[in-house]
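One file, query07.cif, is given below (mmCIF, C-alpha atoms).
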```
data_query
loop_
_atom_site.label_atom_id
_atom_site.label_comp_id
_atom_site.auth_asym_id
_atom_site.auth_seq_id
_atom_site.Cartn_x
_atom_site.Cartn_y
_atom_site.Cartn_z
CA MET A 28 112.22 93.35 131.00
CA ARG A 29 115.77 94.58 130.55
CA GLY A 30 116.36 91.94 127.92
CA TRP A 31 113.52 93.32 125.80
CA LEU A 32 114.71 96.90 126.17
CA SER A 33 118.28 96.08 125.21
CA LEU A 34 117.01 94.06 122.23
CA ALA A 35 114.88 97.03 121.12
CA ARG A 36 117.86 99.38 121.40
CA ARG A 37 120.15 97.04 119.44
CA THR A 38 117.58 96.38 116.71
CA GLY A 39 116.46 99.95 116.17
CA ARG A 40 113.50 100.94 114.02
CA ILE A 41 112.23 98.37 111.55
CA ALA A 42 109.74 99.48 108.92
CA GLU A 43 108.75 98.34 105.47
CA PRO A 44 110.26 100.44 102.67
CA ALA A 45 107.96 102.96 101.08
CA VAL A 46 106.17 102.15 97.87
CA PRO A 47 107.81 104.05 95.01
CA ARG A 48 106.03 107.29 94.16
CA GLY A 49 105.46 106.28 90.55
CA ALA A 50 103.43 103.19 91.46
CA ASP A 51 99.80 104.28 91.19
CA SER A 52 98.03 101.70 93.32
CA ALA A 53 95.63 104.30 94.70
CA GLY A 54 93.19 104.17 91.80
CA ALA A 55 91.62 107.24 90.27
CA ALA A 56 92.39 110.53 91.97
CA ARG A 57 91.01 113.97 91.32
CA ALA A 58 93.40 116.71 90.27
CA ASP A 59 93.00 118.46 93.64
CA ALA A 60 93.92 115.36 95.69
CA GLY A 61 97.06 117.14 96.89
CA ILE A 62 95.31 120.25 98.24
CA LEU A 63 96.02 119.04 101.75
CA ALA A 64 99.75 118.59 101.13
CA GLY A 65 101.93 118.17 104.18
CA SER A 66 99.92 116.37 106.81
CA VAL A 67 96.31 115.25 107.11
CA GLN A 68 94.02 114.07 109.85
CA VAL A 69 91.99 111.01 108.82
CA ARG A 70 88.56 110.05 110.16
CA HIS A 71 87.73 106.42 109.40
CA VAL A 72 84.06 105.47 108.90
CA ASP A 73 82.91 101.87 108.62
CA ALA A 74 79.72 102.17 106.57
CA GLY A 75 78.96 98.44 106.58
CA SER A 76 82.04 96.40 105.81
CA CYS A 77 83.07 92.84 106.68
CA ASN A 78 86.00 94.28 108.76
CA GLY A 79 88.63 93.11 106.28
CA CYS A 80 89.45 96.72 105.36
CA GLU A 81 89.60 97.74 109.02
CA ILE A 82 92.35 95.18 109.61
CA GLU A 83 94.31 96.69 106.70
CA VAL A 84 93.78 100.25 108.04
CA ALA A 85 95.18 99.10 111.38
CA ALA A 86 98.14 97.54 109.59
CA ALA A 87 98.71 100.70 107.51
CA PHE A 88 98.96 102.78 110.68
CA GLY A 89 100.78 100.10 112.67
CA PRO A 90 104.52 99.95 113.33
CA VAL A 91 105.46 98.07 110.15
CA HIS A 92 103.92 100.33 107.47
CA ASP A 93 103.70 103.43 109.71
CA GLY A 94 101.36 105.70 107.73
CA GLU A 95 102.08 108.51 110.18
CA ARG A 96 105.61 108.95 108.83
CA TYR A 97 103.97 110.34 105.66
CA GLY A 98 101.88 112.87 107.54
CA ALA A 99 98.59 110.98 107.95
CA ARG A 100 97.10 110.52 111.40
CA LEU A 101 93.85 108.91 112.54
CA VAL A 102 91.52 111.12 114.58
CA ALA A 103 88.32 110.39 116.46
CA SER A 104 86.25 113.40 115.44
CA PRO A 105 85.19 114.47 111.96
CA ARG A 106 85.54 118.07 113.11
CA HIS A 107 89.30 117.53 113.39
CA ALA A 108 89.63 115.63 110.11
CA ASP A 109 90.77 116.60 106.62
CA VAL A 110 90.08 113.20 105.04
CA VAL A 111 87.14 110.84 105.53
CA LEU A 112 88.22 107.25 104.84
CA VAL A 113 85.13 105.12 104.20
CA THR A 114 85.15 101.31 104.14
CA GLY A 115 82.39 98.94 103.16
CA VAL A 116 79.10 99.27 101.33
CA VAL A 117 76.75 101.92 102.63
CA THR A 118 73.95 100.21 104.53
CA ARG A 119 70.52 101.69 105.21
CA ASN A 120 71.46 102.44 108.80
CA MET A 121 74.73 104.15 107.84
CA ALA A 122 73.67 106.36 104.90
CA GLU A 123 72.58 109.33 107.01
CA PRO A 124 75.43 109.06 109.58
CA LEU A 125 77.91 108.98 106.67
CA ARG A 126 76.37 112.14 105.16
CA ARG A 127 76.48 113.86 108.55
CA THR A 128 80.08 112.82 109.13
CA VAL A 129 81.16 114.21 105.76
CA ASP A 130 79.16 117.40 106.36
CA ALA A 131 80.81 117.82 109.79
CA THR A 132 84.27 117.64 108.25
CA PRO A 133 85.58 121.15 107.53
CA ARG A 134 86.52 122.17 103.99
CA PRO A 135 88.79 121.56 102.19
CA ARG A 136 88.19 117.86 102.68
CA LEU A 137 88.59 114.68 100.72
CA VAL A 138 86.52 111.52 100.81
CA VAL A 139 88.38 108.27 100.14
CA ALA A 140 86.48 105.06 99.28
CA MET A 141 88.60 102.13 100.42
CA GLY A 142 88.02 98.65 99.04
CA ASP A 143 85.89 97.11 96.33
CA CYS A 144 82.76 97.24 98.48
CA ALA A 145 83.10 101.00 98.98
CA ARG A 146 83.81 101.48 95.26
CA ASP A 147 81.09 99.32 93.70
CA CYS A 148 79.42 97.22 96.46
CA GLY A 149 81.61 94.19 95.74
CA VAL A 150 80.04 90.91 96.83
CA PHE A 151 77.28 92.77 98.70
CA ALA A 152 75.74 94.29 95.54
CA GLY A 153 71.99 93.86 95.53
CA GLY A 154 71.70 93.07 99.22
CA TYR A 155 68.44 94.07 100.89
CA GLY A 156 70.15 96.32 103.46
CA VAL A 157 72.54 97.95 100.99
CA VAL A 158 71.93 101.51 99.78
CA GLY A 159 74.89 101.41 97.41
CA ALA A 160 78.53 102.35 97.04
CA VAL A 161 80.00 105.36 98.80
CA LYS A 162 79.82 107.45 95.61
CA ASP A 163 76.04 106.89 95.59
CA VAL A 164 75.72 108.66 98.94
CA VAL A 165 78.54 111.26 99.03
CA ASP A 166 81.05 112.65 96.54
CA VAL A 167 84.22 110.56 96.41
CA ASP A 168 87.60 112.11 95.63
CA LEU A 169 89.89 109.07 95.72
CA GLU A 170 89.38 105.31 95.47
CA ILE A 171 91.57 102.48 96.73
CA PRO A 172 90.89 99.21 94.87
CA GLY A 173 91.20 95.77 96.40
CA CYS A 174 89.33 93.28 98.55
CA PRO A 175 90.76 94.19 100.95
CA PRO A 176 93.42 96.62 99.76
CA ARG A 177 96.90 95.91 101.05
CA PRO A 178 98.33 98.30 103.67
CA GLU A 179 100.83 99.49 101.05
CA ALA A 180 97.96 100.67 98.85
CA VAL A 181 96.40 102.55 101.77
CA VAL A 182 99.70 104.26 102.56
CA GLU A 183 100.24 105.10 98.87
CA ALA A 184 96.79 106.71 98.67
CA LEU A 185 97.54 108.79 101.74
CA ARG A 186 100.90 109.76 100.24
CA THR A 187 98.99 110.95 97.17
CA VAL A 188 97.01 113.24 99.44
CA THR A 189 99.94 114.50 101.52
CA ARG A 190 102.41 114.59 98.59
CA ARG A 191 105.10 113.08 100.84
#
```
Entire entry expressed as structure tokens:
Amino acid sequence: MRGWLSLARRTGRIAEPAVPRGADSAGAARADAGILAGSVQVRHVDAGSCNGCEIEVAAAFGPVHDGERYGARLVASPRHADVVLVTGVVTRNMAEPLRRTVDATPRPRLVVAMGDCARDCGVFAGGYGVVGAVKDVVDVDLEIPGCPPRPEAVVEALRTVTRR
């Protein structure tokens, strides 16, 4: 155990460098995307994804990419959130819970559609259990393209919101 602790002390903090601010990998953003500048609380909602985006969300908030250093933090309740991060197509069973989650989030709030499925249904377009993309169910403020988007793109989108 001491060997691991001394190795951690010698090595120090290791994190990937931040994506440059000019690189717009976050897709289209509304003009008021920075209204929550500083720090934001993020509620993640899986509306019917294949779990590829969830792995990238975990990586974005993990120790390598460390999304929290830019002021974004995952929370468990929509009542504590400023941002609703939605992954996957919206399925029939998740349309109403998604609406309720967004309605439970206090204003000002932003809704972020993460991944190609959340943006335009991706490979699940036309499926019998699919209601549509996130923008078909709730208003979307920011989109993150990719299938799945890389953790750097997730962090860059959150930096757009926090302006950090």
Considering all atoms listed in the file, return as a list of chain:residue names whatever protein or nucleic-acid residues lie within 10 Å of range 148-162 of chain A, sequence-local ones (same chain, fewer than 4 positions apart) excluded.
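Here the qualifying residues turn out to be A:Ala74, A:Gly75, A:Ser76, A:Cys77, A:Val113, A:Thr114, A:Gly115, A:Val116, A:Val117, A:Thr118, A:Arg119, A:Asn120, A:Met121, A:Ala122, A:Leu125, A:Arg126, A:Val138, A:Val139, A:Ala140, A:Met141, A:Gly142, A:Asp143, A:Cys144, A:Asp166, A:Val167, A:Asp168, A:Glu170, A:Gly173, A:Cys174.
If you look at CA of Val182 in chain A and CA of Val164 in chain A, they are 24.6 Å away from each other.
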Centre and edge lengths, as AutoDock Vina command-line options, for the axis-aligned box enclosing every listed atom of range 136-141 of chain A with 3 Å of padding on each of the six sides, in Å to one decimal?
```
--center_x 87.5 --center_y 110.0 --center_z 101.0 --size_x 8.1 --size_y 21.7 --size_z 9.4
```
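Nearest to Asp130 in chain A of all the residues A:Val165, A:Ala103, A:Leu185, A:Ala35 is A:Val165, counting all atoms listed in the file.
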If you apply the PyMOL selection byres ((chain A and resi 82) around 12) to this file, what residues do you get, as a count of residues only?
22
Apply the PyMOL selection byres ((chain A and resi 104) around 10) to the structure shown and report the selected residues as a VMD selection string.
chain A and resid 68 to 71 101 to 103 105 to 108 128 131 to 132
Minimum-distance residue to Leu112 in chain A, chosen among A:Val67, A:Val72, A:Ala145, A:Val91 (using only C-alpha atoms)
A:Val72
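Between CA of Gly98 in chain A and CA of Arg127 in chain A the interatomic distance comes to 25.4 Å.
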Residue nearest Asp147 in chain A - candidates A:Ile171, A:Ala184, A:Ala99, A:Val111, atoms counted: only C-alpha atoms
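Among the listed residues, A:Ile171 lies closest to Asp147 in chain A.
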List the residues selected by the PyMOL selection byres ((chain A and resi 136) around 6) in the file shown, writing them as a VMD selection string.
chain A and resid 109 to 110 134 to 135 137
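If you look at CA of Val129 in chain A and CA of Thr189 in chain A, they are 19.3 Å away from each other.
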Nearest to Leu169 in chain A among A:Arg37, A:Arg186, A:Arg191, A:Tyr97, with distances taken over only C-alpha atoms: which residue is it?
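Closest to Leu169 in chain A, using only C-alpha atoms: A:Arg186.
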